[in-house]
Structure formats: structure tokens, C-alpha cells
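Before any comments, here is the structure.
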Amino acid sequence: MKPRIAIFSLTGCEGCSLAILELEDQLLAVLDAVEIVNFREGMTERAWDIDIGFVDGAVSTPGDEAEIRHYRESCKVLVAIGACACLGGINTLKNHQLAAEYRGYVYGERAAWFPTTAARPIAAVVKVDYELPGCPMVKEEFLRFVKHLLAGRQFRLPDYAVCVECKKRGNPCLYDRGVVCLGPMTRAGCDAICPTYGSKCEACRGIVSPEALAAAALNLRDQYHVPQEEVLAGLRLYGAYQEEKLP
Amino acid sequence: MLDRVVHRTDLSALIDELARTRRIVGPVKHEDRFFYEAVDRAGRLDLDFTYCVYSPKAQLLPPKETLLTFDRTTGNFTCHPLYDERPTVLAGVHPCDLHAIKLLDHVFGAEHADEQYLSRRRHMFLIGIDCPHPCTAGVFCRDMHAHVADSGFDLMCYPLERDQAGRTVRYGVQVGTTAGQEAILYGRVGTPPTPEAEQHLARYQAEKDRAFPKAIPVDSAGLPGLLAKSYDSLLWEATARRCYSCGSCNLVCPTCYCFDIHDDGALGGNGGERVREWDGCQLRGFAEVAGPHNFRPKPGSRLRHRVFRKGKWILERTGLPGCVGCARCDRACTARISLVDMYKQLAEEV
Ligand code: SF4
Ligand code: SF4
Ligand code: SF4
Ligand code: SF4
Ligand code: SF4
């Protein structure tokens, strides 16, 4: 029997679920190997006995919270996809502002009609079995995940930094041009796409390890003289780091 | 001893002649930096390059390569190894990197025959370019006795004469192999060396000797002893607090040859390929085995491991230097962890 797949979206741009449709030549092979039973971006019928549920978006409203609990109950395996679902993502920027303020400028006079909470990654609310981070999720990694699951092999995210992929691609390092790139502290898997196109890494795949974060705190302060607020602001963009202080 | 004297245009012509049956790879300038790249003619190379950001290692051991493909669709397991058999002229290799290639040859040829590596190596024609002065600040090739090379090339070119713009106009060429000898004969370029050219080379070498300062307190022969006394130094833990375990130092290093192998299955599950990718001892998962158990779970133990490999263990095991002093690792480290600094500190400690 083919595994029954669902794809859900909470608060986010739904770019991650769209990335699945962008698999193009591989999409047909995926569709051949699984049965999609619930996917708002791609179909109208919806069923609720699900083997693997993929969820993008953060838990950012009371409604999201109810939905994610329902998804968890309906899916044997729950997979968070994208920065929003894995880290809270861009949504978490509001966590560092006053609720009255951001609700005012986002919803204006009707703010009271739209209850929101602090944005959280899915794992803060329910148990998550796998995470495929990135903004958006990396479609090649999604494919690798599906292959591993179908073959019964253990799936692991890369446990090394973006620099590894950057170096394998033979890129010039942005630090040589005085740009403070977050690659050394960020989990790889995106094939260093941002540095490859000349932009610094902004840690959308999250921090790779506590040691790397601790090293970053030291290096950015002592070697590069970046003010701590700036480091925090950089790491908060995608919710990679939520605390007020660096180690 | 010189075998030929060639003008810069002769050298270009010689490479183009070799390229009738080979690809050309060599240093190409991008903004202010040089990278090894495949080009269609020698004129695109910049043989007066300082150093290439990445070493020529990738030309022999690519960052990622498919070793074999397999298929079991028919019930019979079939498997096809893949070899890169493209003849290549790698033009523009400095002495340090020639030494590094010698080490790779030993590891992939003598210690264990790696057919994929050997296939690339057999099809490679190596043209060395000597360095008249240190390519950049911070190198310690002299201390590692890798700033000169008397073998490991098909042809070696000494930049004997420069024009106003600093471009080399005349090279003294030394032949290293029969293939090199044939290239000179059939290429019909340059002139036989005169006694005057030999004197010129001697002068060049004397000037070069003065141009390369000692950069670390001990040389390659003294490093094993220094490190032997430093195994329990506090330096490792202290320095590694800054270490991201990002592996950049490994990946840019011309002598780091570690790799990982994994199988990539096709979606149907019946076929796929076996892939080899660069790995590095600074990465957290490098020494992880089943269990899971990690032999070097801490950045400090990984840092010490790398330095011991570079300064002591490889030399003791192979008789060849495990580090050629190119300082690519120091330049690549965004945490500014430096071999040169560590060696200096260790020498002060003992
Ligand atoms: S992670 Fe990025 S692409 Fe995915 S839903 Fe969030 S904002 Fe959109
Ligand atoms: S550009 Fe960024 S990701 Fe690439 S090597 Fe440099 S620090 Fe690492
Ligand atoms: S490290 Fe030494 S041998 Fe290597 S390129 Fe620089 S100067 Fe030449
Ligand atoms: S490049 Fe620097 S930070 Fe990265 S692993 Fe090597 S020593 Fe550590
Ligand atoms: S350890 Fe550093 S200096 Fe030595 S060969 Fe490797 S990159 Fe060059």
C-alpha cells in the first residue's frame, strides 16, 4: 500500500508546500510512490487517515494551535517543513515587539477581530517526528527525506555548517570581502545557495549546534566587533535564536 | 638543471599544443583572487598568479563524485564503476601543491589503490610554476620545506625574467618525466639552456632563498617533537572555544583527503549510485560510529587531531609532510584560528 500523504499550512506564505509542486521532473515519481489525500494547494478532496503529514507555517494564532493538534492526531508521522514550522520563522519577529504595536500596524482598527499569539515552531506545541528546515524548505532535501522514508532508511539532517557546502562548491568566502555571513553557525542542507549567489547566509535553517552558537558569540564580538544587538537581530530573522542573550 | 628556456608565449603555445588532446585547467583570476578552472585555451590562464583560493585537490579528488551506479531491477544485481578518463593538463601548480599531490599519490596509490583517483592522476599532465617570493603573508611553506619542488611534475617552470608590468616573460623549464620530455620535443618551443641561463637560475634561486622567511619556530622536522610534548596542552580547549567545527580548514587544505561514501537510491528503490564526498575531521559527525559513539565529541579534541595529523602523524606514517604550509586553512577560518599562531604558542609553552 502506498503511504497516504497530507500537506497542511499554518501561518506562513505556503511557499514550502508550493516547493513540493516545484519538484517538476521528480514530482511524477513522487506521486507514483505515494497517495496524496489532503493538500489544499493541489486538490479539493480531503481525507483524515494520514500516514505522513507535512506542515508548513508557524503556530501563530489560537486557530493554528487547534489545527496542529488535529493534524497531530490524524497523522502517524508529522513532519515540520520550512523555517516557520521548524523555528517559528519570520513570524517570530513579532515576538520581540509589543503586541499592541504590531497588531495595530498589521490589522489597523480591526485588530480585535484577529487574535494572535507569540509565533512558535510546531514542536513547541505538539510532538514533531522530523524537521525539514529552510526558507523555503529545500526541495531536494524533501525528496531525499521521502526516499529514505520509503526505503525504510534512517533520515538525518546534515549536522554540519553551511560552509561545508559552500567550500564544496568552490565559492569565494564572503568574509574575505568583510561580510559577516552566518554560514559557519548555520545548519547545511541548502547547498549554500545564498553565498553562492553572493548574499550572506541568514540562518534560515537554524543554528547547527550549541558549540557553534557559543563560538559565534565569541568571534562576532572579539574578531569582528559586531554589536550584540546586531548579532541577535540577525539570528532572529528566521527565529533561529529566540533568547535575549547569547551564550 | 634547466632543460629548456621558453618565452611566455612559447609556454602558452606548449599548453595549447598539449590541449589538442587534453582539457586545460589552471589559475583564472576573478576580481582579485585566483581559482583553478577549466579553460578552452592557455591564454585565459594567469600563470603569474599568487595562490589559488582552493587547492588543486579538487582536480584529483572532486568534492563530490559518483563512484559507481547499481541496479537490481531485473533481479540480477548489476554495478558499473565510473572513471574519469579525461586527459587534462593542470597548468600552474606551485611547489607546495606539488608536494601535496605527492602525498595524495601516496595515500590513493601506494597505501590503497583508489581506481577513481588513479584514473584522474594517470590522465593528468602537471605543469609546475615556481614561486619567486611568498605568495602572500602568513604562509610557512619554507618551514615545511615545500617552497621548492624537485619532482612531482611533468614540467617545472622557473620565472626567470619579468617585464615592467611584473609579468614573467622568460621561464627556465625543467623536465620531470618522459611525458614532459616528449612535450618539449614535440612542442618544438623555446631554446636549449645556455650557461648564461643556468647562471640566471642560480641567481634566481639565491634570491628566492632570501625572499622566504622562517615563519614558525620549528620546521617540519621539529614539529613532531614539539607536538609530542603538547598533547595535554590547554591550548586545544582554549582555542577551540572559537571553533565552529565548520570544516573549512579541512576542505581548502591540499593535503586533507578524507571522504565519506553513501548510497543514493532512486525513488523506486531498485537502482541508484554510490557517491563519495569530501569529509573533514573538524566536523562533529566525522568520528561518529554506530552506537552512536563519537570518538572526538569535543571541538578541542578535533582541533588537536587536525594539528597532529598535519604536523606529526602523517609525516611519521608516510615520510611525507602532512602539511605544506600554504596557510589556506588559516585564511579560510572565519574564527581566525591559525596553525601558525598555535605553533608559536606551543613553542612558547614547552
Ligand atoms: S519557511 Fe519561508 S517559504 Fe516556508 S512558509 Fe515560512 S516564509 Fe514561506
Ligand atoms: S561565504 Fe559564508 S557559508 Fe560560505 S564559507 Fe564563507 S562563511 Fe561559510
Ligand atoms: S605557499 Fe609557498 S610554495 Fe605555496 S604558493 Fe605560496 S609561496 Fe608558493
Ligand atoms: S575553519 Fe576554523 S572554525 Fe572552522 S573548523 Fe576549522 S578551525 Fe574550526
Ligand atoms: S594544514 Fe593548512 S597550511 Fe597545511 S597544507 Fe593544509 S591548508 Fe595548507
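Letters A, B, ... go to the chains of the C-alpha cells in the order shown; residues in each chain start at 1; ligands are counted from 1 in the same order.
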
Taking only C-alpha atoms into account and nothing else, which residues of chain B lie no more than 6 Å away from chain A? Please answer as an mmCIF file with all heavy atoms, in the first residue's frame.
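Saved result, result-v6.cif, follows:
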```
data_model
loop_
_atom_site.group_PDB
_atom_site.id
_atom_site.type_symbol
_atom_site.label_atom_id
_atom_site.label_comp_id
_atom_site.auth_asym_id
_atom_site.auth_seq_id
_atom_site.Cartn_x
_atom_site.Cartn_y
_atom_site.Cartn_z
ATOM 1 N N PRO B 63 34.976 17.329 -4.963
ATOM 2 C CA PRO B 63 34.173 17.445 -3.745
ATOM 3 C C PRO B 63 33.070 16.389 -3.681
ATOM 4 O O PRO B 63 32.728 15.909 -2.620
ATOM 5 C CB PRO B 63 33.552 18.834 -3.838
ATOM 6 C CG PRO B 63 34.351 19.581 -4.834
ATOM 7 C CD PRO B 63 35.060 18.595 -5.704
ATOM 8 N N ARG B 241 37.358 26.963 21.697
ATOM 9 C CA ARG B 241 36.134 27.671 22.112
ATOM 10 C C ARG B 241 35.626 28.543 20.970
ATOM 11 O O ARG B 241 34.458 28.852 20.881
ATOM 12 C CB ARG B 241 36.418 28.543 23.341
ATOM 13 C CG ARG B 241 36.575 27.732 24.626
ATOM 14 C CD ARG B 241 36.828 28.630 25.810
ATOM 15 N NE ARG B 241 35.682 29.501 26.073
ATOM 16 C CZ ARG B 241 35.788 30.757 26.494
ATOM 17 N NH1 ARG B 241 36.960 31.290 26.709
ATOM 18 N NH2 ARG B 241 34.704 31.474 26.706
ATOM 19 N N ARG B 242 36.549 28.971 20.118
ATOM 20 C CA ARG B 242 36.167 29.803 18.974
ATOM 21 C C ARG B 242 35.784 28.984 17.748
ATOM 22 O O ARG B 242 35.328 29.524 16.757
ATOM 23 C CB ARG B 242 37.349 30.695 18.591
ATOM 24 C CG ARG B 242 37.438 31.923 19.427
ATOM 25 C CD ARG B 242 38.784 32.602 19.391
ATOM 26 N NE ARG B 242 39.496 32.628 18.141
ATOM 27 C CZ ARG B 242 40.827 32.626 18.068
ATOM 28 N NH1 ARG B 242 41.552 32.581 19.175
ATOM 29 N NH2 ARG B 242 41.426 32.672 16.911
ATOM 30 N N CYS B 243 36.056 27.690 17.812
ATOM 31 C CA CYS B 243 35.913 26.871 16.605
ATOM 32 C C CYS B 243 34.452 26.517 16.349
ATOM 33 O O CYS B 243 33.750 26.039 17.222
ATOM 34 C CB CYS B 243 36.742 25.598 16.743
ATOM 35 S SG CYS B 243 36.537 24.467 15.370
ATOM 36 N N TYR B 244 34.004 26.756 15.111
ATOM 37 C CA TYR B 244 32.630 26.443 14.717
ATOM 38 C C TYR B 244 32.473 24.975 14.331
ATOM 39 O O TYR B 244 31.369 24.539 14.031
ATOM 40 C CB TYR B 244 32.250 27.259 13.477
ATOM 41 C CG TYR B 244 32.123 28.741 13.675
ATOM 42 C CD1 TYR B 244 33.076 29.623 13.167
ATOM 43 C CD2 TYR B 244 31.015 29.269 14.322
ATOM 44 C CE1 TYR B 244 32.931 30.992 13.300
ATOM 45 C CE2 TYR B 244 30.867 30.646 14.465
ATOM 46 C CZ TYR B 244 31.821 31.493 13.951
ATOM 47 O OH TYR B 244 31.674 32.835 14.082
ATOM 48 N N CYS B 246 33.298 23.987 11.490
ATOM 49 C CA CYS B 246 32.710 24.168 10.161
ATOM 50 C C CYS B 246 33.478 23.413 9.082
ATOM 51 O O CYS B 246 33.003 23.258 7.963
ATOM 52 C CB CYS B 246 32.667 25.647 9.809
ATOM 53 S SG CYS B 246 34.287 26.366 9.515
ATOM 54 N N LEU B 267 14.145 6.777 -6.624
ATOM 55 C CA LEU B 267 12.891 6.789 -5.889
ATOM 56 C C LEU B 267 12.200 5.430 -5.871
ATOM 57 O O LEU B 267 11.636 5.030 -4.879
ATOM 58 C CB LEU B 267 11.960 7.867 -6.450
ATOM 59 C CG LEU B 267 10.849 8.291 -5.497
ATOM 60 C CD1 LEU B 267 11.408 8.854 -4.217
ATOM 61 C CD2 LEU B 267 9.962 9.322 -6.172
ATOM 62 N N ALA B 335 36.918 32.039 12.144
ATOM 63 C CA ALA B 335 37.150 32.253 13.574
ATOM 64 C C ALA B 335 38.588 32.717 13.822
ATOM 65 O O ALA B 335 38.979 32.937 14.963
ATOM 66 C CB ALA B 335 36.874 30.972 14.350
#
```

List all protein, DNA and RNA residues that have an atom no more than 7 Å from any atom of ligand 4, counting only C-alpha atoms and all ligand atoms, and report them as a compact mmCIF listing (two decimals) with all heavy atoms, in the first residue's frame.
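Below is the file that was written, part_27.txt:
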```
# COMPACT_ATOMS: atom_id res chain seq x y z
N ALA B 240 39.77 26.11 20.80
CA ALA B 240 38.58 25.52 20.17
C ALA B 240 37.29 26.16 20.67
O ALA B 240 36.23 25.92 20.09
CB ALA B 240 38.55 24.02 20.40
N ARG B 242 36.55 28.97 20.12
CA ARG B 242 36.17 29.80 18.97
C ARG B 242 35.78 28.98 17.75
O ARG B 242 35.33 29.52 16.76
CB ARG B 242 37.35 30.69 18.59
CG ARG B 242 37.44 31.92 19.43
CD ARG B 242 38.78 32.60 19.39
NE ARG B 242 39.50 32.63 18.14
CZ ARG B 242 40.83 32.63 18.07
NH1 ARG B 242 41.55 32.58 19.18
NH2 ARG B 242 41.43 32.67 16.91
N CYS B 243 36.06 27.69 17.81
CA CYS B 243 35.91 26.87 16.61
C CYS B 243 34.45 26.52 16.35
O CYS B 243 33.75 26.04 17.22
CB CYS B 243 36.74 25.60 16.74
SG CYS B 243 36.54 24.47 15.37
N TYR B 244 34.00 26.76 15.11
CA TYR B 244 32.63 26.44 14.72
C TYR B 244 32.47 24.97 14.33
O TYR B 244 31.37 24.54 14.03
CB TYR B 244 32.25 27.26 13.48
CG TYR B 244 32.12 28.74 13.67
CD1 TYR B 244 33.08 29.62 13.17
CD2 TYR B 244 31.01 29.27 14.32
CE1 TYR B 244 32.93 30.99 13.30
CE2 TYR B 244 30.87 30.65 14.47
CZ TYR B 244 31.82 31.49 13.95
OH TYR B 244 31.67 32.84 14.08
N SER B 245 33.58 24.25 14.22
CA SER B 245 33.54 22.91 13.64
C SER B 245 32.94 22.95 12.24
O SER B 245 32.16 22.08 11.85
CB SER B 245 32.73 21.95 14.53
OG SER B 245 33.30 21.86 15.79
N CYS B 246 33.30 23.99 11.49
CA CYS B 246 32.71 24.17 10.16
C CYS B 246 33.48 23.41 9.08
O CYS B 246 33.00 23.26 7.96
CB CYS B 246 32.67 25.65 9.81
SG CYS B 246 34.29 26.37 9.52
N GLY B 247 34.70 22.98 9.41
CA GLY B 247 35.46 22.17 8.46
C GLY B 247 36.08 22.93 7.30
O GLY B 247 36.72 22.32 6.43
N SER B 248 35.95 24.25 7.27
CA SER B 248 36.54 25.00 6.15
C SER B 248 38.03 24.74 6.03
O SER B 248 38.57 24.61 4.93
CB SER B 248 36.29 26.49 6.33
OG SER B 248 34.94 26.79 6.13
N CYS B 249 38.71 24.66 7.20
CA CYS B 249 40.15 24.43 7.21
C CYS B 249 40.49 23.11 6.51
O CYS B 249 41.48 23.01 5.79
CB CYS B 249 40.67 24.43 8.63
SG CYS B 249 39.66 23.45 9.76
N ASN B 250 39.67 22.08 6.72
CA ASN B 250 39.91 20.79 6.07
C ASN B 250 39.67 20.88 4.57
O ASN B 250 40.44 20.37 3.76
CB ASN B 250 38.93 19.73 6.58
CG ASN B 250 39.16 19.32 8.03
OD1 ASN B 250 38.23 19.22 8.79
ND2 ASN B 250 40.40 19.09 8.40
N GLN B 282 37.25 18.07 11.36
CA GLN B 282 36.74 19.09 12.27
C GLN B 282 35.22 19.02 12.41
O GLN B 282 34.62 19.68 13.26
CB GLN B 282 37.14 20.49 11.81
CG GLN B 282 38.65 20.67 11.72
CD GLN B 282 39.35 20.28 13.01
OE1 GLN B 282 39.33 21.01 13.99
NE2 GLN B 282 39.95 19.09 13.02
N LEU B 283 34.57 18.23 11.55
CA LEU B 283 33.12 18.14 11.59
C LEU B 283 32.69 17.20 12.72
O LEU B 283 33.33 16.18 12.96
CB LEU B 283 32.58 17.63 10.24
CG LEU B 283 33.00 18.49 9.04
CD1 LEU B 283 32.44 17.89 7.75
CD2 LEU B 283 32.51 19.92 9.21
N LEU B 303 40.26 19.68 17.09
CA LEU B 303 41.30 20.62 16.66
C LEU B 303 42.69 19.99 16.86
O LEU B 303 43.55 20.02 15.97
CB LEU B 303 41.19 21.93 17.47
CG LEU B 303 42.19 23.02 17.11
CD1 LEU B 303 41.97 23.51 15.69
CD2 LEU B 303 42.07 24.20 18.08
N CYS B 329 44.28 27.01 5.31
CA CYS B 329 43.41 26.79 6.47
C CYS B 329 43.29 28.06 7.30
O CYS B 329 42.20 28.44 7.72
CB CYS B 329 43.95 25.64 7.32
SG CYS B 329 45.69 25.80 7.75
N ALA B 332 41.11 30.51 5.54
CA ALA B 332 39.69 30.13 5.40
C ALA B 332 38.94 30.20 6.72
O ALA B 332 37.72 30.23 6.74
CB ALA B 332 39.59 28.72 4.83
N CYS B 333 39.66 30.23 7.82
CA CYS B 333 38.99 30.13 9.12
C CYS B 333 38.37 31.47 9.50
O CYS B 333 39.08 32.43 9.77
CB CYS B 333 39.96 29.68 10.19
SG CYS B 333 39.14 29.55 11.80
N THR B 334 37.05 31.50 9.54
CA THR B 334 36.37 32.76 9.88
C THR B 334 36.48 33.03 11.39
O THR B 334 36.16 34.12 11.83
CB THR B 334 34.89 32.72 9.47
OG1 THR B 334 34.24 31.70 10.20
CG2 THR B 334 34.75 32.47 7.98
N ALA B 335 36.92 32.04 12.14
CA ALA B 335 37.15 32.25 13.57
C ALA B 335 38.59 32.72 13.82
O ALA B 335 38.98 32.94 14.96
CB ALA B 335 36.87 30.97 14.35
N ARG B 336 39.35 32.83 12.75
CA ARG B 336 40.75 33.25 12.81
C ARG B 336 41.59 32.34 13.71
O ARG B 336 42.44 32.80 14.47
CB ARG B 336 40.86 34.71 13.24
CG ARG B 336 40.12 35.61 12.24
CD ARG B 336 40.48 37.06 12.36
NE ARG B 336 39.87 37.82 11.27
CZ ARG B 336 39.30 39.01 11.43
NH1 ARG B 336 39.27 39.59 12.60
NH2 ARG B 336 38.77 39.64 10.40
N ILE B 337 41.31 31.07 13.62
CA ILE B 337 42.16 30.08 14.28
C ILE B 337 43.28 29.77 13.30
O ILE B 337 43.02 29.49 12.13
CB ILE B 337 41.36 28.81 14.64
CG1 ILE B 337 40.34 29.16 15.73
CG2 ILE B 337 42.28 27.68 15.07
CD1 ILE B 337 39.36 28.05 16.05
```

Backbone DSSP call of strand (DSSP E) for range 14-148 of chain B, listed as a ChimeraX atom specification: /B:23-30,33-39,64-71,78-81,88-93,124-129

Distance query range 117-128 of chain B at most 7 Å, only C-alpha atoms, self and fewer than 4 positions along chain excluded, as a PyMOL selection string: chain B and resi 60-61+83-95+108-109+153-157

Please produce an output containing N, CA, C and O atoms for each residue in the selection, written as a compact mmCIF listing (two decimals), in the first residue's frame.
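The resulting file, part.txt, is reproduced below:
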```txt
# COMPACT_ATOMS: atom_id res chain seq x y z
N LEU B 60 41.73 16.22 -8.58
CA LEU B 60 42.03 14.80 -8.46
C LEU B 60 41.02 14.07 -7.60
O LEU B 60 40.75 12.88 -7.79
N LEU B 61 40.50 14.77 -6.63
CA LEU B 61 39.52 14.21 -5.71
C LEU B 61 38.38 15.23 -5.64
O LEU B 61 38.40 16.12 -4.80
N TYR B 83 34.81 5.92 -14.10
CA TYR B 83 36.15 6.51 -14.01
C TYR B 83 36.21 7.76 -14.86
O TYR B 83 35.67 7.79 -15.96
N ASP B 84 36.87 8.76 -14.35
CA ASP B 84 37.09 9.98 -15.12
C ASP B 84 38.38 9.77 -15.91
O ASP B 84 39.46 9.69 -15.34
N GLU B 85 38.24 9.65 -17.20
CA GLU B 85 39.43 9.36 -18.03
C GLU B 85 39.76 10.51 -18.97
O GLU B 85 40.42 10.33 -19.99
N ARG B 86 39.27 11.71 -18.62
CA ARG B 86 39.54 12.86 -19.49
C ARG B 86 41.00 13.28 -19.33
O ARG B 86 41.43 13.64 -18.23
N PRO B 87 41.77 13.26 -20.39
CA PRO B 87 43.14 13.75 -20.29
C PRO B 87 43.11 15.24 -19.96
O PRO B 87 42.33 15.99 -20.54
N THR B 88 43.93 15.62 -18.99
CA THR B 88 43.89 17.01 -18.52
C THR B 88 45.31 17.53 -18.36
O THR B 88 46.18 16.80 -17.89
N VAL B 89 45.52 18.77 -18.76
CA VAL B 89 46.78 19.40 -18.38
C VAL B 89 46.45 20.40 -17.28
O VAL B 89 45.64 21.30 -17.45
N LEU B 90 47.04 20.13 -16.11
CA LEU B 90 46.86 21.03 -14.98
C LEU B 90 48.09 21.95 -14.98
O LEU B 90 49.19 21.52 -14.63
N ALA B 91 47.85 23.18 -15.41
CA ALA B 91 48.97 24.10 -15.60
C ALA B 91 48.96 25.15 -14.51
O ALA B 91 47.94 25.78 -14.27
N GLY B 92 50.09 25.33 -13.83
CA GLY B 92 50.14 26.36 -12.80
C GLY B 92 49.97 25.78 -11.42
O GLY B 92 49.02 26.10 -10.72
N VAL B 93 50.89 24.90 -11.03
CA VAL B 93 50.83 24.33 -9.69
C VAL B 93 52.10 24.75 -8.96
O VAL B 93 53.21 24.48 -9.41
N HIS B 94 51.93 25.41 -7.84
CA HIS B 94 53.08 25.88 -7.08
C HIS B 94 53.71 24.73 -6.28
O HIS B 94 53.07 23.70 -6.08
N PRO B 95 54.95 24.91 -5.84
CA PRO B 95 55.66 23.81 -5.18
C PRO B 95 54.89 23.19 -4.01
O PRO B 95 54.86 21.96 -3.88
N PHE B 108 46.45 7.50 -2.12
CA PHE B 108 45.50 6.84 -3.02
C PHE B 108 46.17 5.86 -3.98
O PHE B 108 45.49 5.17 -4.72
N GLY B 109 47.49 5.86 -3.99
CA GLY B 109 48.20 4.98 -4.90
C GLY B 109 48.96 3.90 -4.18
O GLY B 109 48.79 2.71 -4.43
N PHE B 153 56.28 16.68 -10.95
CA PHE B 153 55.70 17.45 -12.06
C PHE B 153 56.14 16.81 -13.36
O PHE B 153 57.11 16.04 -13.38
N ASP B 154 55.43 17.12 -14.44
CA ASP B 154 55.92 16.74 -15.76
C ASP B 154 56.89 17.79 -16.27
O ASP B 154 57.94 17.49 -16.80
N LEU B 155 56.48 19.06 -16.04
CA LEU B 155 57.37 20.17 -16.36
C LEU B 155 57.34 21.15 -15.20
O LEU B 155 56.29 21.36 -14.59
N MET B 156 58.49 21.75 -14.91
CA MET B 156 58.52 22.78 -13.87
C MET B 156 59.07 24.06 -14.51
O MET B 156 60.07 24.02 -15.22
N CYS B 157 58.40 25.17 -14.27
CA CYS B 157 58.80 26.43 -14.89
C CYS B 157 59.28 27.41 -13.83
O CYS B 157 58.56 27.70 -12.87
```

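Picture a line from atom 4 (Fe, counted along the ligand's line) of ligand 3 to CA of Leu98 in chain B; it runs 8.9 Å.
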
Contacts of ligand 1, 12 Å or closer, only C-alpha atoms and all ligand atoms, given as a ChimeraX atom specification: /A:8-20,54-60,80-93,119-121,131-139,203-206,237-240
